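**Student:** Sharing run.tsv (TSV, C-alpha atoms) below.
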chain	number	residue	atom	x	y	z
A	1	MET	CA	0.00	0.00	0.00
A	2	SER	CA	2.66	2.48	0.99
A	3	THR	CA	4.66	1.95	-2.19
A	4	ALA	CA	1.51	2.69	-4.23
A	5	VAL	CA	0.98	5.97	-2.36
A	6	HIS	CA	4.63	6.95	-2.89
A	7	ARG	CA	4.45	6.23	-6.62
A	8	ARG	CA	1.32	8.33	-6.96
A	9	MET	CA	2.78	11.20	-4.89
A	10	LEU	CA	5.92	11.17	-7.01
A	11	LYS	CA	3.77	11.43	-10.16
A	12	GLU	CA	1.80	14.29	-8.63
A	13	TYR	CA	5.01	16.04	-7.61
A	14	LEU	CA	6.38	15.86	-11.16
A	15	ALA	CA	3.08	17.10	-12.62
A	16	ILE	CA	2.98	20.01	-10.16
A	17	GLN	CA	6.51	21.09	-11.09
A	18	LYS	CA	5.55	20.99	-14.76
A	19	ASN	CA	2.33	23.03	-14.34
A	20	SER	CA	3.64	25.64	-11.94
A	21	ALA	CA	2.90	28.51	-14.35
A	22	THR	CA	-0.81	27.74	-14.61
A	23	ARG	CA	-1.75	28.36	-10.96
A	24	PRO	CA	-1.66	32.06	-10.16
A	25	HIS	CA	-3.05	31.70	-6.61
A	26	LEU	CA	-0.80	28.86	-5.51
A	27	GLU	CA	2.60	30.23	-4.68
A	28	LEU	CA	3.99	26.96	-3.40
A	29	LEU	CA	3.02	23.30	-3.26
A	30	GLU	CA	5.78	20.89	-2.34
A	31	PRO	CA	6.84	18.23	0.17
A	32	ILE	CA	8.35	19.81	3.29
A	33	GLN	CA	11.29	17.42	2.96
A	34	GLU	CA	12.31	15.86	-0.33
A	35	ASP	CA	12.47	12.37	1.17
A	36	ASP	CA	9.02	12.46	2.79
A	37	LEU	CA	6.28	12.57	0.17
A	38	LEU	CA	3.53	12.17	2.78
A	39	HIS	CA	3.90	15.61	4.37
A	40	TRP	CA	3.45	18.68	2.18
A	41	GLN	CA	3.05	22.40	2.53
A	42	ALA	CA	1.36	24.95	0.33
A	43	ILE	CA	1.00	28.72	0.24
A	44	LEU	CA	-2.22	30.22	-1.12
A	45	LEU	CA	-2.28	33.83	-2.25
A	46	GLY	CA	-5.33	35.93	-1.45
A	47	THR	CA	-7.12	36.88	-4.65
A	48	ALA	CA	-7.35	40.49	-5.74
A	49	ASP	CA	-10.67	42.24	-5.01
A	50	SER	CA	-11.20	40.13	-1.89
A	51	GLY	CA	-10.48	40.82	1.77
A	52	TYR	CA	-7.65	38.30	1.49
A	53	GLU	CA	-5.73	40.37	-1.09
A	54	GLY	CA	-2.05	40.64	-0.24
A	55	GLY	CA	-2.21	37.76	2.23
A	56	ARG	CA	-0.14	34.57	2.05
A	57	PHE	CA	-1.82	31.61	3.69
A	58	ARG	CA	0.23	28.57	4.61
A	59	LEU	CA	-1.38	25.11	4.47
A	60	ASP	CA	-0.24	21.92	6.19
A	61	ILE	CA	-0.99	18.78	4.16
A	62	VAL	CA	-0.74	15.25	5.55
A	63	ILE	CA	-1.19	12.32	3.15
A	64	PRO	CA	-2.57	9.11	4.68
A	65	THR	CA	-0.92	5.84	3.57
A	66	SER	CA	-4.30	4.85	2.11
A	67	TYR	CA	-4.27	7.87	-0.24
A	68	PRO	CA	-5.92	8.33	-2.73
A	69	ILE	CA	-8.67	6.07	-1.36
A	70	GLN	CA	-8.73	8.39	1.67
A	71	PRO	CA	-8.45	12.19	1.32
A	72	PRO	CA	-5.45	14.18	2.56
A	73	THR	CA	-5.78	16.04	5.88
A	74	ILE	CA	-5.34	19.74	5.20
A	75	ARG	CA	-5.42	22.67	7.59
A	76	PHE	CA	-4.44	26.32	7.59
A	77	LEU	CA	-1.28	27.11	9.54
A	78	THR	CA	-1.81	30.83	8.99
A	79	THR	CA	-4.67	32.23	11.06
A	80	ILE	CA	-7.48	33.11	8.68
A	81	CYS	CA	-10.94	34.59	9.14
A	82	HIS	CA	-13.30	32.52	6.99
A	83	PRO	CA	-16.73	30.98	7.73
A	84	ASN	CA	-15.54	27.47	6.84
A	85	VAL	CA	-12.14	27.52	8.57
A	86	HIS	CA	-11.70	27.07	12.30
A	87	PHE	CA	-10.10	30.24	13.64
A	88	LYS	CA	-7.82	28.43	16.08
A	89	THR	CA	-7.12	24.97	14.65
A	90	GLY	CA	-7.21	25.91	10.95
A	91	GLU	CA	-9.50	22.96	10.21
A	92	ILE	CA	-11.25	23.32	6.86
A	93	CYS	CA	-14.89	22.38	6.29
A	94	LEU	CA	-15.00	21.43	2.62
A	95	ASP	CA	-17.10	18.53	1.32
A	96	ILE	CA	-14.44	17.24	-1.07
A	97	LEU	CA	-12.04	16.75	1.86
A	98	LYS	CA	-14.68	14.65	3.60
A	99	SER	CA	-17.74	12.89	2.22
A	100	GLU	CA	-17.37	14.01	-1.41
A	101	TRP	CA	-13.75	12.93	-1.77
A	102	THR	CA	-12.90	10.78	-4.78
A	103	PRO	CA	-9.47	9.51	-5.90
A	104	SER	CA	-9.68	11.62	-9.05
A	105	TRP	CA	-8.77	14.71	-7.00
A	106	THR	CA	-5.09	15.58	-6.74
A	107	LEU	CA	-3.25	17.75	-4.23
A	108	GLU	CA	-3.11	20.45	-6.87
A	109	SER	CA	-6.84	20.40	-7.64
A	110	VAL	CA	-7.67	20.29	-3.93
A	111	CYS	CA	-5.52	23.38	-3.30
A	112	VAL	CA	-7.28	25.17	-6.15
A	113	ALA	CA	-10.61	24.18	-4.57
A	114	ILE	CA	-9.51	25.58	-1.19
A	115	SER	CA	-8.37	28.75	-2.94
A	116	SER	CA	-11.80	29.17	-4.52
A	117	LEU	CA	-13.46	28.44	-1.16
A	118	LEU	CA	-11.83	31.65	0.11
A	119	THR	CA	-13.88	33.79	-2.27
A	120	ASN	CA	-16.93	31.48	-2.23
A	121	PRO	CA	-17.66	30.83	1.46
A	122	GLU	CA	-20.47	28.49	2.48
A	123	PRO	CA	-22.03	30.13	5.58
A	124	SER	CA	-24.54	27.29	6.08
A	125	SER	CA	-21.85	24.91	7.43
A	126	PRO	CA	-19.63	27.22	9.47
A	127	LEU	CA	-16.61	26.51	11.63
A	128	ASN	CA	-16.31	30.22	12.37
A	129	CYS	CA	-19.77	31.33	13.49
A	130	ASP	CA	-18.96	35.04	13.79
A	131	ALA	CA	-17.79	35.33	10.19
A	132	ALA	CA	-20.71	33.20	9.00
A	133	ASN	CA	-23.29	35.23	10.91
A	134	LEU	CA	-22.06	38.48	9.34
A	135	LEU	CA	-22.48	36.90	5.90
A	136	ARG	CA	-25.89	35.49	6.74
A	137	CYS	CA	-27.06	38.91	7.90
A	138	GLY	CA	-25.86	40.33	4.59
A	139	ASP	CA	-23.38	42.64	6.32
A	140	MET	CA	-20.82	42.56	3.52
A	141	ALA	CA	-19.07	45.73	4.70
A	142	GLY	CA	-18.59	44.26	8.16
A	143	TYR	CA	-17.51	40.88	6.81
A	144	ASN	CA	-15.02	42.32	4.35
A	145	SER	CA	-13.41	44.62	6.88
A	146	LEU	CA	-13.13	41.78	9.40
A	147	VAL	CA	-11.44	39.57	6.80
A	148	LYS	CA	-9.17	42.42	5.77
A	149	MET	CA	-8.17	43.11	9.35
A	150	TYR	CA	-7.23	39.49	10.10
A	151	THR	CA	-5.41	39.20	6.78
A	152	ALA	CA	-3.34	42.27	7.66
A	153	LEU	CA	-2.78	40.96	11.21
A	154	TYR	CA	-1.73	37.39	10.44
A	155	ALA	CA	-1.10	36.79	6.75
A	156	MET	CA	1.12	39.67	5.72
A	157	ASP	CA	4.14	39.78	8.04
A	158	GLU	CA	4.35	36.35	9.59
A	159	ASP	CA	5.13	34.46	6.40
A	160	GLN	CA	7.80	36.73	5.04
A	161	GLU	CA	10.90	34.76	4.26
B	1	MET	CA	-22.94	21.74	23.59
B	2	ALA	CA	-20.65	24.66	22.95
B	3	SER	CA	-20.71	27.57	25.34
B	4	TYR	CA	-20.56	31.25	24.50
B	5	PHE	CA	-16.83	31.13	25.12
B	6	ASP	CA	-16.32	28.17	22.78
B	7	ASP	CA	-18.24	29.95	20.02
B	8	HIS	CA	-16.01	32.94	20.31
B	9	SER	CA	-12.81	30.95	20.76
B	10	LEU	CA	-12.19	32.52	24.17
B	11	GLU	CA	-10.92	31.10	27.43
B	12	ASP	CA	-13.82	30.31	29.72
B	13	PRO	CA	-13.27	32.45	32.83
B	14	TYR	CA	-15.44	30.07	34.87
B	15	LYS	CA	-13.51	27.01	33.82
B	16	ALA	CA	-11.02	27.33	36.66
B	17	ARG	CA	-13.87	27.11	39.16
B	18	ARG	CA	-15.29	23.93	37.72
B	19	PRO	CA	-14.75	20.83	39.87
B	20	ASN	CA	-12.52	18.28	38.19
B	21	ASN	CA	-13.68	15.11	39.87
B	22	ASN	CA	-17.15	13.73	40.49
B	23	ASN	CA	-18.45	16.36	42.82
B	24	ALA	CA	-22.11	15.64	42.23
B	25	ASN	CA	-23.53	17.11	45.41
B	26	SER	CA	-21.71	20.39	45.50
B	27	ASN	CA	-23.87	23.43	44.87
B	28	SER	CA	-21.67	24.91	42.22
B	29	ARG	CA	-22.71	28.20	40.67
B	30	PHE	CA	-22.68	27.21	37.01
B	31	ASN	CA	-25.08	25.19	34.94
B	32	PRO	CA	-23.13	22.22	33.62
B	33	ASP	CA	-23.89	21.30	30.01
B	34	LEU	CA	-23.19	18.00	28.32
B	35	SER	CA	-19.65	18.94	27.38
B	36	HIS	CA	-18.84	19.28	31.07
B	37	PHE	CA	-19.34	15.57	31.62
B	38	MET	CA	-17.33	14.49	28.64
B	39	PRO	CA	-13.57	14.23	28.39
B	40	ARG	CA	-12.36	17.33	26.62
B	41	GLU	CA	-9.76	15.61	24.50
B	42	ASP	CA	-9.78	12.37	22.64
B	43	THR	CA	-6.27	11.48	21.57
B	44	ASP	CA	-6.95	9.95	18.16
B	45	GLU	CA	-9.95	12.13	17.29
B	46	THR	CA	-8.76	15.66	17.90
B	47	ALA	CA	-6.72	15.80	14.74
B	48	GLN	CA	-9.87	15.73	12.63
B	49	THR	CA	-12.63	16.84	15.00
B	50	PRO	CA	-12.01	19.81	17.20
B	51	TYR	CA	-14.01	19.71	20.39
B	52	GLN	CA	-14.92	23.37	20.08
B	53	MET	CA	-18.02	23.12	17.99
B	54	GLY	CA	-19.87	26.18	16.80
B	55	ALA	CA	-23.46	26.56	17.90
B	56	THR	CA	-24.81	25.80	14.45
B	57	SER	CA	-22.12	23.50	13.12
B	58	MET	CA	-22.69	19.77	12.82
B	59	PRO	CA	-21.63	17.55	15.71
B	60	GLY	CA	-18.53	15.59	14.75
B	61	GLU	CA	-17.63	11.95	14.90
B	62	GLY	CA	-15.86	12.44	18.22
B	63	ASP	CA	-18.92	13.99	19.85
B	64	PHE	CA	-21.07	10.96	19.06
B	65	ARG	CA	-18.35	8.62	20.24
B	66	ARG	CA	-17.85	10.51	23.50
B	67	LEU	CA	-21.59	10.52	24.12
B	68	ALA	CA	-21.67	6.76	23.50
B	69	GLN	CA	-18.85	6.30	26.03
B	70	LEU	CA	-20.81	8.35	28.53
B	71	PHE	CA	-23.88	6.16	28.15
B	72	GLY	CA	-21.58	3.15	28.41
B	73	THR	CA	-20.72	4.27	31.93
B	74	PHE	CA	-24.42	4.53	32.79
B	75	ARG	CA	-24.95	1.08	31.40
B	76	GLN	CA	-22.30	-0.41	33.66
B	77	ARG	CA	-24.10	1.09	36.63
B	78	GLU	CA	-27.42	-0.42	35.49
B	79	GLU	CA	-25.73	-3.78	35.13
B	80	ALA	CA	-24.81	-3.72	38.81
B	81	LEU	CA	-28.42	-2.95	39.68
B	82	GLY	CA	-29.68	-5.72	37.39
B	83	ASP	CA	-32.28	-3.60	35.56
B	84	GLU	CA	-32.55	-5.40	32.22
B	85	GLU	CA	-35.01	-3.05	30.58
B	86	HIS	CA	-32.79	-0.06	31.22
B	87	GLN	CA	-29.75	-1.99	30.00
B	88	GLU	CA	-31.43	-2.83	26.71
B	89	PHE	CA	-32.51	0.78	26.21
B	90	LEU	CA	-28.98	2.03	26.80
B	91	ASP	CA	-27.55	-0.68	24.54
B	92	ASN	CA	-29.72	0.52	21.66
B	93	LEU	CA	-28.80	4.12	22.32
B	94	ILE	CA	-25.08	3.33	22.33
B	95	THR	CA	-25.33	1.31	19.11
B	96	GLN	CA	-27.15	4.17	17.41
B	97	LEU	CA	-24.58	6.72	18.53
B	98	MET	CA	-21.68	4.58	17.36
B	99	ASP	CA	-23.42	4.20	13.98
B	100	GLU	CA	-23.76	7.98	13.76
B	101	ALA	CA	-20.09	8.33	14.60
B	102	GLY	CA	-19.24	6.02	11.72
B	103	ALA	CA	-21.61	7.76	9.32
B	104	SER	CA	-20.43	11.32	9.83
B	105	GLY	CA	-17.11	12.94	9.11
B	106	LYS	CA	-14.99	11.50	6.37
B	107	HIS	CA	-17.39	8.78	5.43
B	108	GLY	CA	-19.20	9.37	2.19
B	109	PRO	CA	-21.43	6.97	0.27
B	110	PRO	CA	-21.84	3.38	1.58
B	111	PRO	CA	-19.75	0.42	0.28
B	112	ALA	CA	-20.60	-1.19	-3.04
B	113	SER	CA	-22.38	-4.52	-2.79
B	114	LYS	CA	-20.25	-7.64	-2.40
B	115	SER	CA	-21.80	-9.27	-5.46
B	116	PHE	CA	-21.03	-6.18	-7.58
B	117	ILE	CA	-17.36	-6.29	-6.57
B	118	ARG	CA	-17.21	-10.06	-7.14
B	119	ASP	CA	-18.74	-9.73	-10.62
B	120	LEU	CA	-16.55	-6.88	-11.88
B	121	PRO	CA	-15.70	-7.71	-15.50
B	122	PHE	CA	-12.20	-8.50	-16.73
B	123	VAL	CA	-11.26	-6.13	-19.53
B	124	PRO	CA	-8.62	-7.21	-22.08
B	125	LEU	CA	-5.70	-4.83	-22.43
B	126	LYS	CA	-6.48	-4.13	-26.08
B	127	GLU	CA	-9.80	-2.53	-25.14
B	128	VAL	CA	-8.14	0.47	-23.43
B	129	LYS	CA	-6.46	3.27	-25.36
B	130	ARG	CA	-2.70	3.56	-25.37
B	131	ASP	CA	-2.60	6.77	-23.32
B	132	ASP	CA	-5.27	5.78	-20.80
B	133	ALA	CA	-4.21	5.69	-17.18
B	134	CYS	CA	-5.99	4.47	-14.07
B	135	ILE	CA	-6.97	7.67	-12.26
B	136	ILE	CA	-6.41	6.09	-8.87
B	137	CYS	CA	-2.73	5.19	-9.23
B	138	ASN	CA	-2.03	7.46	-12.23
B	139	GLU	CA	-0.25	4.54	-13.93
B	140	ASN	CA	-0.68	3.88	-17.62
B	141	PHE	CA	-2.59	0.63	-18.24
B	142	GLN	CA	-0.21	-0.57	-20.96
B	143	GLU	CA	2.88	-0.20	-18.78
B	144	ASN	CA	1.21	-1.77	-15.84
B	145	GLU	CA	0.37	-5.30	-16.98
B	146	SER	CA	1.61	-7.28	-14.03
B	147	LYS	CA	-1.29	-6.38	-11.74
B	148	ALA	CA	-4.59	-8.21	-11.27
B	149	GLY	CA	-5.90	-6.86	-14.56
B	150	ILE	CA	-8.21	-4.09	-15.71
B	151	THR	CA	-11.91	-3.72	-15.09
B	152	LYS	CA	-14.61	-1.21	-15.94
B	153	LEU	CA	-17.64	0.16	-14.16
B	154	PRO	CA	-21.10	0.43	-15.79
B	155	CYS	CA	-20.31	4.10	-16.61
B	156	LYS	CA	-17.49	2.76	-18.86
B	157	HIS	CA	-14.61	4.14	-16.81
B	158	PHE	CA	-11.59	1.82	-16.67
B	159	PHE	CA	-9.56	1.06	-13.53
B	160	ASP	CA	-6.93	-1.34	-12.32
B	161	ARG	CA	-8.72	-4.04	-10.36
B	162	ASP	CA	-6.22	-3.61	-7.53
B	163	CYS	CA	-7.06	0.08	-7.33
B	164	ILE	CA	-10.84	0.13	-7.68
B	165	VAL	CA	-11.68	-2.75	-5.30
B	166	PRO	CA	-10.41	-0.97	-2.12
B	167	TRP	CA	-12.46	2.09	-3.20
B	168	LEU	CA	-15.63	0.09	-3.86
B	169	GLU	CA	-15.23	-1.64	-0.51
B	170	LEU	CA	-15.73	1.83	1.02
B	171	HIS	CA	-17.96	3.70	-1.45
B	172	ASN	CA	-20.48	2.74	-4.11
B	173	ASN	CA	-19.63	5.29	-6.78
B	174	CYS	CA	-17.25	5.81	-9.66
B	175	PRO	CA	-14.16	7.85	-8.70
B	176	ALA	CA	-14.24	9.53	-12.10
B	177	CYS	CA	-17.91	10.54	-12.49
B	178	ARG	CA	-19.59	9.58	-9.18
B	179	ALA	CA	-22.09	7.34	-11.02
B	180	GLU	CA	-23.66	5.09	-8.39
B	181	VAL	CA	-23.30	1.32	-8.35
B	182	PRO	CA	-25.39	-1.09	-6.21
B	183	SER	CA	-24.87	-1.28	-2.45
B	184	ASP	CA	-25.90	-3.75	0.25
B	185	ASP	CA	-26.40	-0.91	2.72
B	186	PRO	CA	-30.03	-1.05	4.00
B	187	VAL	CA	-30.27	2.74	4.27
B	188	TRP	CA	-29.09	3.14	0.67
B	189	ILE	CA	-31.52	0.46	-0.60
B	190	LYS	CA	-34.43	2.12	1.19
B	191	LYS	CA	-33.48	5.56	-0.14
B	192	LYS	CA	-33.23	4.17	-3.66
B	193	ARG	CA	-36.65	2.49	-3.31
B	194	ASP	CA	-38.29	5.63	-1.93
B	195	ALA	CA	-36.87	7.69	-4.79
B	196	GLU	CA	-38.27	5.22	-7.32
B	197	LEU	CA	-41.69	5.22	-5.69
B	198	ALA	CA	-41.71	9.02	-5.67
B	199	LYS	CA	-40.84	8.98	-9.37
B	200	TYR	CA	-43.73	6.63	-10.20
B	201	ALA	CA	-46.07	8.72	-8.08
B	202	ALA	CA	-45.03	11.87	-9.93
B	203	GLU	CA	-45.55	10.14	-13.28
B	204	ALA	CA	-48.99	8.93	-12.24
B	205	GLU	CA	-49.94	12.46	-11.29
B	206	VAL	CA	-48.88	13.79	-14.67
B	207	ASP	CA	-50.99	11.13	-16.38
B	208	GLU	CA	-54.08	12.13	-14.43
B	209	ASP	CA	-53.63	15.79	-15.31
B	210	TRP	CA	-53.42	14.84	-18.93
B	211	MET	CA	-56.62	12.83	-18.73
B	212	TYR	CA	-58.73	15.58	-17.24
B	213	SER	CA	-57.36	18.65	-18.92
Rewrite the structure from the file as structure tokens, please.

**Tutor:**
Amino acid sequence: MSTAVHRRMLKEYLAIQKNSATRPHLELLEPIQEDDLLHWQAILLGTADSGYEGGRFRLDIVIPTSYPIQPPTIRFLTTICHPNVHFKTGEICLDILKSEWTPSWTLESVCVAISSLLTNPEPSSPLNCDAANLLRCGDMAGYNSLVKMYTALYAMDEDQE
Amino acid sequence: MASYFDDHSLEDPYKARRPNNNNANSNSRFNPDLSHFMPREDTDETAQTPYQMGATSMPGEGDFRRLAQLFGTFRQREEALGDEEHQEFLDNLITQLMDEAGASGKHGPPPASKSFIRDLPFVPLKEVKRDDACIICNENFQENESKAGITKLPCKHFFDRDCIVPWLELHNNCPACRAEVPSDDPVWIKKKRDAELAKYAAEAEVDEDWMYS
């Protein structure tokens, strides 16, 4: 089983290196250490015209040995204000990481999905109730300024290398 | 289950005052909720299910499991008292909670039926195109002959047998297009039946309208 997962991860790694130009919002997606293909990191860039603009959001990605039958475990390391992300643990509520997972997803497509979750929140299944309630009340000004504030607080300085 | 402080990700200022051991008779000043009786951390669960649940978010796998453990303790007490009716009631409750724990979280559709997996067709190598790869292992079929062979689902998607069987043992759909295949799961069978009945009922209604219009 574990050799199968390593072969697939190696294939994904090569494909990611080849496609790097086609993902504007994914600054980085690579194994943390070259010899461990089961532990990855990614950096998402906040899209322009959103409260996340200018922010760099670090993701921690753990691949189970049963991948791709089981989904990867992904969480935000950078604190982020989003209705579907837990403010403290960084846990992400996204159906494709849970019940809707299928082996046809790749790490790259999952990261793109998380990136589009940032601008398309789903307030009906929140992990961050305060952010979700603002959205549900239709208080876009309040929501956007809250997002902007937390992006400036946590996602702009901390990740500078 | 979650308190105001949990919702807002704050430290509970009253937490320090809460008794740690079974202090049932003390007239403490707070109203204990369910979470008070449950262990706050569950070593193998916390990675996926944080215990701080939002007021409107779904209870996680760990919550059901912890609740089941709690009732398990009650059950042991009933056993000592010899009350069989109570024991049976708690048994059912625990079983139901453990089922819920299994059904939520990462678990998606139910497993494919055993007969479906057994009867998966063998596909000769010449039937797949040269560039086709199994989407589960990303390996080209032509370069990958040594395995248990190739098969296809009713939706005409090809897979290595070795790759698709572990998936079908967990979920009854196609990894490529999510087309459903049969399942032995009683809940799935009932849902399927109900949907069919509803379809017939809707068709019958249309027919009637046509007759009298």

**Student:** Could you tell me how far atom CA of B:Leu153 lies from atom CA of A:Leu14, in Å and to one decimal?

**Tutor:**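 Calculated distance between atom CA of B:Leu153 and atom CA of A:Leu14 is 28.9 Å.
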
**Student:** Taking all atoms listed in the file into account, what are the residues of chain B at most 6 Å from chain A, put as a list of chain:residue names?

**Tutor:**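 Close enough to count are B:Ser57, B:Lys106, B:His107, B:Gly108, B:Ile135, B:Ile136, B:Cys137, B:Trp167, B:Pro175, B:Ala176.
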
**Student:** Would you mind reading off the distance between atom CA of A:Asp139 and atom CA of A:Phe57, one decimal, in Å?

**Tutor:**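 Interatomic distance here is 24.4 Å.
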
**Student:** Quick check, in Å to one decimal: how far apart do atom CA of A:Ile63 and atom CA of A:Leu117 lie?

**Tutor:** 20.7 Å
